[in-house]
Amino acid sequence: MVVDNHKETLGFQAEVKQLLDLMIHALYSNKEIFLRELVSNASDAADKLRFEALSDDGLYEGDSQLKIWVEVNQDARTISIRDNGIGMSREEVIENIGTIAKSGTRQFFKALTGDQAKDAQLIGQFGVGFYSSFIIADKVTLTTRRAGLTAEHGVRWESAGDGEYTIETVDKAQRGTEITLHLRDDEDEFLQEYRIKSIIKKYSDHITLPIIMPTVSTDENDENLKVIKDEVVNSATALWVRNKADVTEEEYNEFYKHVAHDFEPPLLTIHNKVEGTMEYNLLAFIPGRAPFDLWDRNTRRGMKLYVRRIFIMDDSEQLLPPYLRFVRGVVDSSDLPLNVSREILQQNKQIESIRSGTVKKILGALENLANNEPEKYATFWREFGKVLKEGIVDDHSNREKVAKLLRFSTTHDDNNQPAISLEQYIGRMKEGQEKIYYITAETFAAAKSSPHLEIFRKKGIEVVLLSEPIDEWLVMHLTEFEGKSLQSITKGSLDLGQLEDQAEKDQVEKANTEKKPLLERIQKVLVGKVKEVRTTYRLTNSPACLVADEQGMDASLERLLKAAGQSISSSKPIIEINPTHPLILAMEREQDENRFGDWALILFDQALLSEGGQLEDPASFISRLNQMLIQLSKAA
Ligand SMILES: Nc1ncnc2c1ncn2[C@@H]1O[C@H](COP(=O)(O)OP(=O)(O)OP(=O)(O)O)[C@@H](O)[C@H]1O
């Protein structure tokens, strides 16, 4: 008997209240999903119990037949969803039901627009879970007991969804959770058993536990006698072991929504039965949208691991590398032992082979998608492209495969939406072109307008425009593709290989000799700022640009590392000048060395600005420039 039931009234976390209000309105047109959400939670609770029971059999309390029961009570106008899964302790109820402890909560609330249709989609993506009960219920009672605790440690939680809830300790003989929804006045449709059954069939048929509803029928011998029989409403077979041809798209979609906690159907479904040295079933999905916490490498919810249809664990890190963390689904192995633990998995040869097979299947499926459904692939790339790029850095053995999947912006169409593959780039290479040229910058605009591109544009040579932070790492690891090396156009002297025009080259040689005095004058002013001053033919419109030396680091990488707090010694750039530019010609004529000094400093600062760099002393740059403008206007 419970002596002190310790009943208390607590307030919802502010976000919960806000989410509840929004959800009830936004999801009203799709209210039947409450059942899917509650059944899904019950199934997860059973999975959790199975996992914990692997190391502590006693948690089953002699009852390892895990089930879900759904009951309708016409008189009381309630629906109850009951499971004999893991249950919750008092602390867990407070933590899980009264608060939102999800990563991405802040971004979610920021993303809300007030537009009902748009917000409904966002709410769905964020996950409504348990709270969806309040769409149709004006009071919800949750009674639960955690497996392993004694009967007097049951907990009853109750709320009208109005900002507060009560919680008290009660006796509960059966472990697990029961949720009772007290229906709102106009929700009688959910008191019809056939309606509830059809909702379960529609959304939860794939749940591997039996979902049971007590059904009233007449006794075979006495037609006046009513008997209540338990009926299993769902097919309760594991979808992933079924034959591909027998599974409908709706079934896949509903299963996906369950494993991924998503509202929208997946972008791509990958279903394979792998036979050979290792036997396993793989059912993987690529979501249609990036989750809010995609960037958080720690909150992964990727693949579930099953062994012979028994759930073993969630977020199995060993099954997928981090760069595929957006993939959701199930791997069911026939060979792993049932008592496999996270520790065992860490150095298990079999799991390594499953992992490499799974990665290959996913990359292969993405390649097919890219070839056969480019529009869908564009959506994939928009949502997950940045994460996939990590694969170039992380996954040496699949680098070539991942490289094929990359999409870039290039000077071919100057489009900010990356859509060009390296294969396409190579297919368009100019005769005699040996390298894949690229430029990295902090923003797309800076990359697109860089003076370094001038000669390439003039000659019609395509250049890949890279402007995401990960790109700096990408090009460090992806040094070649299909035998063509990748070459930064902001590093070293311009080397166009066979595309070079000998006459142009000779001109530069000549200019370097002819302009020697000018170069020396500039060098004198810029001493300490640049490593070298030389002429170039890579510029057509700009007077000067900065380049890193051959062994040096691209300026944009240097800035990125500094921003990340790394202490790296700055390498001095080389300034290259365009000997035919009117500004350079005017400088050459300048007799006043002070004024010449100002010209040279402005030239340097301009070149730095045009590649997205920051001036050390912007005020001096402006004052020099203004000085110059005043003189020019006086002269005019
Ligand atoms: N039947 C249940 N048995 C045990 N724990 C449960 C049950 N239902 C909910 N919970 C706990 O409450 C938490 C919150 O549930 P809720 O449905 O709000 O979100 P979720 O399932 O974590 O995610 P989502 O919102 O994406 O469905 C769950 O993570 C789980 O820990």
# chains A, B, ... in the order shown; residues from 1 in each chain; ligands from 1
call {"tool": "select_by_dssp", "arguments": {"residues": "stretch 335-574 of chain A", "states": "alpha helix (DSSP H)", "output": "number ranges by chain"}}
result
A: 342-346, 349-372, 374-394, 399-405, 422-427, 444-448, 454-459, 469-477, 502-514, 516-525, 555-563
call {"tool": "write_last_selection", "arguments": {"atoms": "C-alpha atoms", "output": "tab-separated table (two decimals), in the first residue's frame"}}
result
chain	number	residue	atom	x	y	z
A	342	ARG	CA	27.49	-2.11	-27.74
A	343	GLU	CA	30.94	-3.13	-26.47
A	344	ILE	CA	30.93	-6.36	-28.47
A	345	LEU	CA	29.76	-4.50	-31.56
A	346	GLN	CA	32.70	-2.17	-31.38
A	349	LYS	CA	34.16	-8.37	-37.68
A	350	GLN	CA	30.66	-9.36	-38.76
A	351	ILE	CA	29.25	-5.94	-37.98
A	352	GLU	CA	32.08	-4.38	-39.97
A	353	SER	CA	31.11	-6.43	-42.96
A	354	ILE	CA	27.42	-5.52	-42.54
A	355	ARG	CA	28.41	-1.88	-42.26
A	356	SER	CA	30.52	-1.84	-45.37
A	357	GLY	CA	27.79	-3.68	-47.29
A	358	THR	CA	25.15	-1.25	-46.04
A	359	VAL	CA	27.22	1.78	-46.98
A	360	LYS	CA	27.77	0.39	-50.48
A	361	LYS	CA	24.06	-0.28	-50.93
A	362	ILE	CA	23.14	3.24	-49.83
A	363	LEU	CA	25.77	4.89	-52.03
A	364	GLY	CA	24.67	2.69	-54.94
A	365	ALA	CA	21.03	3.64	-54.41
A	366	LEU	CA	21.97	7.31	-54.35
A	367	GLU	CA	23.88	6.91	-57.58
A	368	ASN	CA	20.82	5.33	-59.20
A	369	LEU	CA	18.66	8.14	-57.90
A	370	ALA	CA	21.06	10.69	-59.37
A	371	ASN	CA	21.00	8.93	-62.75
A	372	ASN	CA	17.31	8.15	-62.94
A	374	PRO	CA	17.71	13.96	-61.06
A	375	GLU	CA	15.00	16.17	-59.55
A	376	LYS	CA	14.69	14.00	-56.49
A	377	TYR	CA	18.46	13.85	-56.31
A	378	ALA	CA	18.57	17.65	-56.34
A	379	THR	CA	16.28	17.62	-53.29
A	380	PHE	CA	18.54	15.09	-51.62
A	381	TRP	CA	21.58	17.20	-52.35
A	382	ARG	CA	19.95	20.36	-51.04
A	383	GLU	CA	19.06	18.68	-47.76
A	384	PHE	CA	22.04	16.41	-47.13
A	385	GLY	CA	24.80	17.35	-49.57
A	386	LYS	CA	26.92	19.10	-46.96
A	387	VAL	CA	26.86	16.03	-44.74
A	388	LEU	CA	27.66	13.66	-47.57
A	389	LYS	CA	30.75	15.77	-48.31
A	390	GLU	CA	32.11	14.63	-44.93
A	391	GLY	CA	32.36	11.19	-46.55
A	392	ILE	CA	35.24	12.39	-48.72
A	393	VAL	CA	37.17	13.19	-45.56
A	394	ASP	CA	35.97	10.25	-43.42
A	399	ARG	CA	35.98	8.14	-51.66
A	400	GLU	CA	35.60	7.62	-55.41
A	401	LYS	CA	31.96	6.54	-54.99
A	402	VAL	CA	31.12	9.52	-52.78
A	403	ALA	CA	32.97	11.84	-55.16
A	404	LYS	CA	30.64	10.75	-57.96
A	405	LEU	CA	27.68	11.85	-55.86
A	422	LEU	CA	32.62	16.07	-61.54
A	423	GLU	CA	31.81	13.65	-64.35
A	424	GLN	CA	29.88	16.40	-66.13
A	425	TYR	CA	32.78	18.78	-65.55
A	426	ILE	CA	35.24	16.32	-67.06
A	427	GLY	CA	32.90	15.71	-69.99
A	444	PHE	CA	29.33	32.08	-53.25
A	445	ALA	CA	29.38	35.73	-54.37
A	446	ALA	CA	33.05	36.08	-53.45
A	447	ALA	CA	33.93	32.91	-55.34
A	448	LYS	CA	31.90	33.87	-58.39
A	454	GLU	CA	39.10	36.37	-65.23
A	455	ILE	CA	41.46	34.41	-67.48
A	456	PHE	CA	39.34	31.27	-67.08
A	457	ARG	CA	36.22	33.08	-68.13
A	458	LYS	CA	38.04	34.64	-71.05
A	459	LYS	CA	39.25	31.26	-72.26
A	469	PRO	CA	33.43	25.59	-44.88
A	470	ILE	CA	33.60	21.81	-45.42
A	471	ASP	CA	34.91	22.43	-48.96
A	472	GLU	CA	38.34	23.37	-47.64
A	473	TRP	CA	38.61	19.91	-46.13
A	474	LEU	CA	37.05	18.34	-49.15
A	475	VAL	CA	39.76	19.57	-51.51
A	476	MET	CA	42.47	18.57	-49.06
A	477	HIS	CA	41.29	14.96	-49.31
A	502	GLN	CA	52.76	30.76	-75.56
A	503	ALA	CA	52.39	34.34	-76.77
A	504	GLU	CA	50.66	35.33	-73.55
A	505	LYS	CA	53.33	33.61	-71.53
A	506	ASP	CA	56.10	35.37	-73.43
A	507	GLN	CA	54.37	38.65	-72.80
A	508	VAL	CA	54.42	38.04	-69.05
A	509	GLU	CA	58.09	37.11	-69.17
A	510	LYS	CA	58.74	40.30	-71.07
A	511	ALA	CA	56.56	42.30	-68.69
A	512	ASN	CA	58.40	40.90	-65.71
A	513	THR	CA	61.68	42.19	-67.11
A	514	GLU	CA	60.28	45.46	-68.38
A	516	LYS	CA	61.14	45.19	-62.92
A	517	PRO	CA	61.64	48.72	-61.57
A	518	LEU	CA	57.91	49.07	-60.93
A	519	LEU	CA	57.75	45.67	-59.21
A	520	GLU	CA	60.67	46.67	-57.01
A	521	ARG	CA	59.01	49.95	-56.09
A	522	ILE	CA	55.84	48.11	-55.04
A	523	GLN	CA	57.84	45.49	-53.16
A	524	LYS	CA	59.51	48.25	-51.17
A	525	VAL	CA	56.13	49.60	-50.03
A	555	ALA	CA	43.89	32.23	-47.89
A	556	SER	CA	40.29	31.13	-47.29
A	557	LEU	CA	41.43	27.99	-45.45
A	558	GLU	CA	43.79	30.07	-43.36
A	559	ARG	CA	40.93	32.38	-42.37
A	560	LEU	CA	38.69	29.41	-41.59
A	561	LEU	CA	41.26	27.81	-39.31
A	562	LYS	CA	41.87	31.08	-37.53
A	563	ALA	CA	38.14	31.55	-37.01
call {"tool": "residues_near_ligand", "arguments": {"ligand": "ligand 1", "cutoff": "9 Å", "atoms": "only C-alpha atoms and all ligand atoms", "output": "PDB file with N, CA and C atoms, in the first residue's frame"}}
result
ATOM      1  N   GLU A  37       0.935   7.726 -33.083  1.00  0.00           N
ATOM      2  CA  GLU A  37       1.986   8.216 -32.192  1.00  0.00           C
ATOM      3  C   GLU A  37       2.044   7.404 -30.900  1.00  0.00           C
ATOM      4  N   LEU A  38       0.873   7.105 -30.331  1.00  0.00           N
ATOM      5  CA  LEU A  38       0.860   6.392 -29.052  1.00  0.00           C
ATOM      6  C   LEU A  38       1.277   4.930 -29.232  1.00  0.00           C
ATOM      7  N   VAL A  39       0.845   4.328 -30.336  1.00  0.00           N
ATOM      8  CA  VAL A  39       1.251   2.936 -30.599  1.00  0.00           C
ATOM      9  C   VAL A  39       2.759   2.890 -30.868  1.00  0.00           C
ATOM     10  N   SER A  40       3.237   3.881 -31.577  1.00  0.00           N
ATOM     11  CA  SER A  40       4.657   3.948 -31.883  1.00  0.00           C
ATOM     12  C   SER A  40       5.477   4.048 -30.584  1.00  0.00           C
ATOM     13  N   ASN A  41       5.022   4.889 -29.662  1.00  0.00           N
ATOM     14  CA  ASN A  41       5.706   5.006 -28.366  1.00  0.00           C
ATOM     15  C   ASN A  41       5.667   3.685 -27.602  1.00  0.00           C
ATOM     16  N   ALA A  42       4.526   3.003 -27.667  1.00  0.00           N
ATOM     17  CA  ALA A  42       4.389   1.732 -26.952  1.00  0.00           C
ATOM     18  C   ALA A  42       5.356   0.702 -27.538  1.00  0.00           C
ATOM     19  N   SER A  43       5.476   0.722 -28.851  1.00  0.00           N
ATOM     20  CA  SER A  43       6.392  -0.215 -29.509  1.00  0.00           C
ATOM     21  C   SER A  43       7.847   0.106 -29.139  1.00  0.00           C
ATOM     22  N   ASP A  44       8.176   1.393 -29.097  1.00  0.00           N
ATOM     23  CA  ASP A  44       9.529   1.788 -28.684  1.00  0.00           C
ATOM     24  C   ASP A  44       9.798   1.335 -27.247  1.00  0.00           C
ATOM     25  N   ALA A  45       8.757   1.436 -26.394  1.00  0.00           N
ATOM     26  CA  ALA A  45       8.922   1.052 -24.988  1.00  0.00           C
ATOM     27  C   ALA A  45       9.187  -0.449 -24.879  1.00  0.00           C
ATOM     28  N   ALA A  46       8.579  -1.227 -25.769  1.00  0.00           N
ATOM     29  CA  ALA A  46       8.831  -2.674 -25.781  1.00  0.00           C
ATOM     30  C   ALA A  46      10.259  -2.944 -26.250  1.00  0.00           C
ATOM     31  N   LYS A  48      12.778  -1.004 -25.908  1.00  0.00           N
ATOM     32  CA  LYS A  48      13.711  -0.620 -24.833  1.00  0.00           C
ATOM     33  C   LYS A  48      13.783  -1.710 -23.767  1.00  0.00           C
ATOM     34  N   ILE A  81      -4.624   3.063 -24.414  1.00  0.00           N
ATOM     35  CA  ILE A  81      -3.538   2.360 -25.123  1.00  0.00           C
ATOM     36  C   ILE A  81      -2.591   1.874 -24.028  1.00  0.00           C
ATOM     37  N   ARG A  82      -2.407   0.569 -23.982  1.00  0.00           N
ATOM     38  CA  ARG A  82      -1.644  -0.018 -22.877  1.00  0.00           C
ATOM     39  C   ARG A  82      -0.514  -0.869 -23.437  1.00  0.00           C
ATOM     40  N   ASP A  83       0.643  -0.829 -22.780  1.00  0.00           N
ATOM     41  CA  ASP A  83       1.734  -1.720 -23.198  1.00  0.00           C
ATOM     42  C   ASP A  83       2.384  -2.326 -21.970  1.00  0.00           C
ATOM     43  N   ASN A  84       3.098  -3.442 -22.184  1.00  0.00           N
ATOM     44  CA  ASN A  84       3.879  -3.998 -21.074  1.00  0.00           C
ATOM     45  C   ASN A  84       5.369  -3.854 -21.378  1.00  0.00           C
ATOM     46  N   GLY A  85       5.700  -2.662 -21.833  1.00  0.00           N
ATOM     47  CA  GLY A  85       7.094  -2.337 -22.165  1.00  0.00           C
ATOM     48  C   GLY A  85       7.870  -1.853 -20.945  1.00  0.00           C
ATOM     49  N   ILE A  86       8.812  -0.971 -21.177  1.00  0.00           N
ATOM     50  CA  ILE A  86       9.761  -0.563 -20.127  1.00  0.00           C
ATOM     51  C   ILE A  86       9.114   0.285 -19.018  1.00  0.00           C
ATOM     52  N   GLY A  87       8.062   1.047 -19.360  1.00  0.00           N
ATOM     53  CA  GLY A  87       7.433   1.921 -18.366  1.00  0.00           C
ATOM     54  C   GLY A  87       8.335   3.082 -17.981  1.00  0.00           C
ATOM     55  N   MET A  88       7.859   3.885 -17.019  1.00  0.00           N
ATOM     56  CA  MET A  88       8.664   5.043 -16.598  1.00  0.00           C
ATOM     57  C   MET A  88       8.611   5.205 -15.085  1.00  0.00           C
ATOM     58  N   GLU A  92      11.302   9.952 -14.627  1.00  0.00           N
ATOM     59  CA  GLU A  92      11.250   9.855 -16.096  1.00  0.00           C
ATOM     60  C   GLU A  92       9.970  10.474 -16.654  1.00  0.00           C
ATOM     61  N   VAL A  93       8.862  10.313 -15.937  1.00  0.00           N
ATOM     62  CA  VAL A  93       7.618  10.926 -16.414  1.00  0.00           C
ATOM     63  C   VAL A  93       7.788  12.440 -16.456  1.00  0.00           C
ATOM     64  N   GLU A  95      10.466  14.159 -16.622  1.00  0.00           N
ATOM     65  CA  GLU A  95      11.455  14.540 -17.623  1.00  0.00           C
ATOM     66  C   GLU A  95      10.917  14.387 -19.057  1.00  0.00           C
ATOM     67  N   ASN A  96      10.216  13.279 -19.306  1.00  0.00           N
ATOM     68  CA  ASN A  96       9.811  12.994 -20.691  1.00  0.00           C
ATOM     69  C   ASN A  96       8.494  13.616 -21.096  1.00  0.00           C
ATOM     70  N   ILE A  97       7.584  13.720 -20.167  1.00  0.00           N
ATOM     71  CA  ILE A  97       6.233  14.130 -20.558  1.00  0.00           C
ATOM     72  C   ILE A  97       5.988  15.627 -20.312  1.00  0.00           C
ATOM     73  N   GLY A  98       6.685  16.207 -19.363  1.00  0.00           N
ATOM     74  CA  GLY A  98       6.418  17.623 -19.076  1.00  0.00           C
ATOM     75  C   GLY A  98       7.364  18.582 -19.770  1.00  0.00           C
ATOM     76  N   THR A  99       8.383  18.041 -20.414  1.00  0.00           N
ATOM     77  CA  THR A  99       9.377  18.932 -21.027  1.00  0.00           C
ATOM     78  C   THR A  99       9.714  18.434 -22.430  1.00  0.00           C
ATOM     79  N   ILE A 100      10.319  19.312 -23.190  1.00  0.00           N
ATOM     80  CA  ILE A 100      10.824  18.863 -24.490  1.00  0.00           C
ATOM     81  C   ILE A 100      12.336  18.878 -24.370  1.00  0.00           C
ATOM     82  N   ALA A 101      12.921  17.708 -24.408  1.00  0.00           N
ATOM     83  CA  ALA A 101      14.368  17.646 -24.206  1.00  0.00           C
ATOM     84  C   ALA A 101      15.080  17.376 -25.519  1.00  0.00           C
ATOM     85  N   LYS A 102      14.434  17.779 -26.607  1.00  0.00           N
ATOM     86  CA  LYS A 102      15.020  17.462 -27.903  1.00  0.00           C
ATOM     87  C   LYS A 102      16.035  18.494 -28.326  1.00  0.00           C
ATOM     88  N   GLY A 124       5.058  18.480 -37.546  1.00  0.00           N
ATOM     89  CA  GLY A 124       5.158  17.064 -37.880  1.00  0.00           C
ATOM     90  C   GLY A 124       6.601  16.618 -37.920  1.00  0.00           C
ATOM     91  N   GLN A 125       7.426  17.459 -38.524  1.00  0.00           N
ATOM     92  CA  GLN A 125       8.834  17.111 -38.655  1.00  0.00           C
ATOM     93  C   GLN A 125       9.522  17.107 -37.291  1.00  0.00           C
ATOM     94  N   PHE A 126       9.108  18.026 -36.447  1.00  0.00           N
ATOM     95  CA  PHE A 126       9.706  18.123 -35.116  1.00  0.00           C
ATOM     96  C   PHE A 126       9.301  16.911 -34.277  1.00  0.00           C
ATOM     97  N   GLY A 127       8.106  16.438 -34.510  1.00  0.00           N
ATOM     98  CA  GLY A 127       7.633  15.256 -33.771  1.00  0.00           C
ATOM     99  C   GLY A 127       6.616  15.667 -32.736  1.00  0.00           C
ATOM    100  N   VAL A 128       5.400  15.169 -32.849  1.00  0.00           N
ATOM    101  CA  VAL A 128       4.365  15.564 -31.893  1.00  0.00           C
ATOM    102  C   VAL A 128       4.218  14.535 -30.780  1.00  0.00           C
ATOM    103  N   GLY A 129       4.441  13.271 -31.128  1.00  0.00           N
ATOM    104  CA  GLY A 129       4.439  12.193 -30.145  1.00  0.00           C
ATOM    105  C   GLY A 129       3.257  12.231 -29.207  1.00  0.00           C
ATOM    106  N   PHE A 130       3.548  12.042 -27.957  1.00  0.00           N
ATOM    107  CA  PHE A 130       2.540  11.911 -26.918  1.00  0.00           C
ATOM    108  C   PHE A 130       1.529  13.067 -26.903  1.00  0.00           C
ATOM    109  N   TYR A 131       2.031  14.278 -27.147  1.00  0.00           N
ATOM    110  CA  TYR A 131       1.148  15.453 -27.031  1.00  0.00           C
ATOM    111  C   TYR A 131      -0.016  15.438 -28.012  1.00  0.00           C
ATOM    112  N   SER A 132       0.113  14.640 -29.087  1.00  0.00           N
ATOM    113  CA  SER A 132      -0.976  14.616 -30.072  1.00  0.00           C
ATOM    114  C   SER A 132      -2.269  14.089 -29.440  1.00  0.00           C
ATOM    115  N   LEU A 142      -2.121   9.169 -17.658  1.00  0.00           N
ATOM    116  CA  LEU A 142      -1.076   8.204 -17.982  1.00  0.00           C
ATOM    117  C   LEU A 142      -0.693   7.489 -16.690  1.00  0.00           C
ATOM    118  N   THR A 144       1.826   4.468 -15.194  1.00  0.00           N
ATOM    119  CA  THR A 144       2.987   3.723 -15.665  1.00  0.00           C
ATOM    120  C   THR A 144       3.786   3.158 -14.493  1.00  0.00           C
ATOM    121  N   ARG A 145       4.484   2.075 -14.765  1.00  0.00           N
ATOM    122  CA  ARG A 145       5.463   1.590 -13.787  1.00  0.00           C
ATOM    123  C   ARG A 145       6.666   1.064 -14.550  1.00  0.00           C
ATOM    124  N   ARG A 146       7.809   1.470 -14.053  1.00  0.00           N
ATOM    125  CA  ARG A 146       9.019   1.051 -14.750  1.00  0.00           C
ATOM    126  C   ARG A 146       9.327  -0.406 -14.432  1.00  0.00           C
ATOM    127  N   GLY A 176       4.796  -1.306 -17.266  1.00  0.00           N
ATOM    128  CA  GLY A 176       4.443  -0.718 -18.559  1.00  0.00           C
ATOM    129  C   GLY A 176       3.564   0.513 -18.376  1.00  0.00           C
ATOM    130  N   THR A 177       3.000   0.960 -19.491  1.00  0.00           N
ATOM    131  CA  THR A 177       2.311   2.250 -19.502  1.00  0.00           C
ATOM    132  C   THR A 177       0.896   2.101 -20.050  1.00  0.00           C
ATOM    133  N   GLU A 178      -0.021   2.797 -19.433  1.00  0.00           N
ATOM    134  CA  GLU A 178      -1.379   2.859 -19.975  1.00  0.00           C
ATOM    135  C   GLU A 178      -1.759   4.327 -20.109  1.00  0.00           C
ATOM    136  N   ILE A 179      -2.245   4.663 -21.286  1.00  0.00           N
ATOM    137  CA  ILE A 179      -2.626   6.060 -21.524  1.00  0.00           C
ATOM    138  C   ILE A 179      -4.116   6.091 -21.827  1.00  0.00           C
ATOM    139  N   HIS A 258       7.294   5.633 -38.678  1.00  0.00           N
ATOM    140  CA  HIS A 258       7.493   5.078 -37.341  1.00  0.00           C
ATOM    141  C   HIS A 258       8.972   5.078 -36.951  1.00  0.00           C
ATOM    142  N   ALA A 260      11.464   6.731 -38.259  1.00  0.00           N
ATOM    143  CA  ALA A 260      12.155   8.017 -38.363  1.00  0.00           C
ATOM    144  C   ALA A 260      11.475   9.108 -37.554  1.00  0.00           C
ATOM    145  N   HIS A 261      10.337   8.821 -36.953  1.00  0.00           N
ATOM    146  CA  HIS A 261       9.551   9.844 -36.253  1.00  0.00           C
ATOM    147  C   HIS A 261       9.309  11.018 -37.178  1.00  0.00           C
ATOM    148  N   ASP A 262       8.934  10.716 -38.398  1.00  0.00           N
ATOM    149  CA  ASP A 262       8.702  11.765 -39.386  1.00  0.00           C
ATOM    150  C   ASP A 262       7.227  11.761 -39.764  1.00  0.00           C
TER     151      ASP A 262
END
call {"tool": "atom_distance", "arguments": {"atom1": "atom CA of A:Ala636", "atom2": "atom CA of A:Arg624"}}
result
18.5 Å
call {"tool": "atom_distance", "arguments": {"atom1": "atom CA of A:Arg77", "atom2": "atom CA of A:Ala26"}}
result
24.2 Å
call {"tool": "closest_residue", "arguments": {"among": "A:Leu267, A:Phe34, A:Asp230, A:Leu283", "to": "A:Val247", "atoms": "only C-alpha atoms"}}
result
A:Leu283
call {"tool": "closest_atom_pairs", "arguments": {"of": "stretch 144-226 of chain A", "to": "stretch 60-73 of chain A", "cutoff": "12 Å", "atoms": "only C-alpha atoms", "output": "Markdown table"}}
result
| residue | atom | partner | partner_atom | distance |
| --- | --- | --- | --- | --- |
| A:Arg146 | CA | A:Tyr60 | CA | 10.9 |
| A:Ala147 | CA | A:Tyr60 | CA | 7.2 |
| A:Gly148 | CA | A:Glu61 | CA | 7.7 |
| A:Leu149 | CA | A:Glu61 | CA | 10.1 |
| A:Thr150 | CA | A:Glu61 | CA | 10.3 |
| A:Ala151 | CA | A:Glu61 | CA | 11.3 |
| A:Ala173 | CA | A:Glu61 | CA | 10.8 |
| A:Gln174 | CA | A:Glu61 | CA | 9.2 |
| A:Arg175 | CA | A:Glu61 | CA | 8.5 |
| A:Gly176 | CA | A:Leu66 | CA | 9.9 |
| A:Thr177 | CA | A:Ile68 | CA | 9.7 |
| A:Glu178 | CA | A:Trp69 | CA | 9.0 |
| A:Ile179 | CA | A:Val70 | CA | 9.6 |
| A:Thr180 | CA | A:Glu71 | CA | 9.2 |
| A:Leu181 | CA | A:Val72 | CA | 9.7 |
| A:His182 | CA | A:Asn73 | CA | 9.8 |
| A:Leu183 | CA | A:Asn73 | CA | 10.5 |
| A:Asp188 | CA | A:Val72 | CA | 10.9 |
| A:Glu189 | CA | A:Val72 | CA | 11.3 |
| A:Phe190 | CA | A:Val72 | CA | 8.3 |
| A:Leu191 | CA | A:Val72 | CA | 6.1 |
| A:Gln192 | CA | A:Val72 | CA | 7.8 |
| A:Glu193 | CA | A:Val72 | CA | 6.9 |
| A:Tyr194 | CA | A:Val72 | CA | 10.6 |
| A:Arg195 | CA | A:Val72 | CA | 10.8 |
| A:Ile196 | CA | A:Val72 | CA | 8.6 |
| A:Lys197 | CA | A:Val70 | CA | 9.3 |
| A:Ile199 | CA | A:Val70 | CA | 11.6 |
| A:Ile200 | CA | A:Val70 | CA | 9.6 |
| A:Ser204 | CA | A:Ile68 | CA | 11.3 |
| A:Ile207 | CA | A:Ile68 | CA | 9.8 |
| A:Thr208 | CA | A:Lys67 | CA | 9.3 |
| A:Leu209 | CA | A:Lys67 | CA | 5.5 |
| A:Pro210 | CA | A:Lys67 | CA | 5.4 |
| A:Ile211 | CA | A:Ile68 | CA | 4.8 |
| A:Ile212 | CA | A:Trp69 | CA | 4.7 |
| A:Met213 | CA | A:Val70 | CA | 5.2 |
| A:Pro214 | CA | A:Glu71 | CA | 6.7 |
| A:Thr215 | CA | A:Glu71 | CA | 9.2 |
| A:Val216 | CA | A:Val72 | CA | 11.5 |
call {"tool": "write_last_selection", "arguments": {"atoms": "C-alpha atoms", "output": "compact mmCIF listing (two decimals), in the first residue's frame"}}
result
# COMPACT_ATOMS: atom_id res chain seq x y z
CA ARG A 146 9.02 1.05 -14.75
CA ALA A 147 10.14 -2.53 -15.26
CA GLY A 148 12.25 -3.61 -12.31
CA LEU A 149 10.52 -1.35 -9.75
CA THR A 150 7.98 -2.83 -7.34
CA ALA A 151 4.20 -2.40 -7.73
CA ALA A 173 0.68 -4.40 -10.67
CA GLN A 174 1.58 -4.72 -14.33
CA ARG A 175 4.71 -3.00 -15.55
CA GLY A 176 4.44 -0.72 -18.56
CA THR A 177 2.31 2.25 -19.50
CA GLU A 178 -1.38 2.86 -19.97
CA ILE A 179 -2.63 6.06 -21.52
CA THR A 180 -6.30 6.91 -21.27
CA LEU A 181 -7.76 9.62 -23.46
CA HIS A 182 -10.97 11.27 -22.25
CA LEU A 183 -12.49 12.33 -25.54
CA ASP A 188 -17.36 10.35 -30.78
CA GLU A 189 -16.17 8.88 -34.08
CA PHE A 190 -13.20 7.47 -32.16
CA LEU A 191 -15.51 5.45 -29.95
CA GLN A 192 -16.36 3.21 -32.91
CA GLU A 193 -14.25 0.07 -32.76
CA TYR A 194 -14.15 -0.36 -36.53
CA ARG A 195 -12.80 3.18 -36.87
CA ILE A 196 -10.00 2.48 -34.41
CA LYS A 197 -9.21 -0.82 -36.12
CA ILE A 199 -6.65 3.50 -38.13
CA ILE A 200 -4.40 0.82 -36.66
CA SER A 204 0.50 0.65 -37.48
CA ILE A 207 4.44 -2.77 -35.77
CA THR A 208 6.05 -6.09 -34.91
CA LEU A 209 4.23 -6.53 -31.60
CA PRO A 210 0.66 -7.74 -31.63
CA ILE A 211 -1.83 -4.90 -31.19
CA ILE A 212 -4.81 -6.36 -29.42
CA MET A 213 -8.39 -5.13 -29.19
CA PRO A 214 -11.02 -6.90 -27.14
CA THR A 215 -13.92 -7.68 -29.46
CA VAL A 216 -17.42 -8.54 -28.40
call {"tool": "atom_distance", "arguments": {"atom1": "atom CA of A:Glu532", "atom2": "atom CA of A:Glu576"}}
result
8.3 Å
call {"tool": "closest_residue", "arguments": {"among": "A:Val307, A:Val227, A:Val527, A:Leu615", "to": "A:Asn281", "atoms": "only C-alpha atoms"}}
result
A:Val307
call {"tool": "closest_residue", "arguments": {"among": "A:Leu546, A:Leu27, A:Ile136, A:Val155", "to": "A:Gln121", "atoms": "only C-alpha atoms"}}
result
A:Leu27
call {"tool": "residues_around", "arguments": {"residues": "stretch 491-496 of chain A", "least_positions_apart": "5", "cutoff": "10 Å", "atoms": "only C-alpha atoms", "output": "PyMOL selection string"}}
result
chain A and resi 432-435+437+439+452+455-456+461+501+534+536-538+546-555+573-574+576
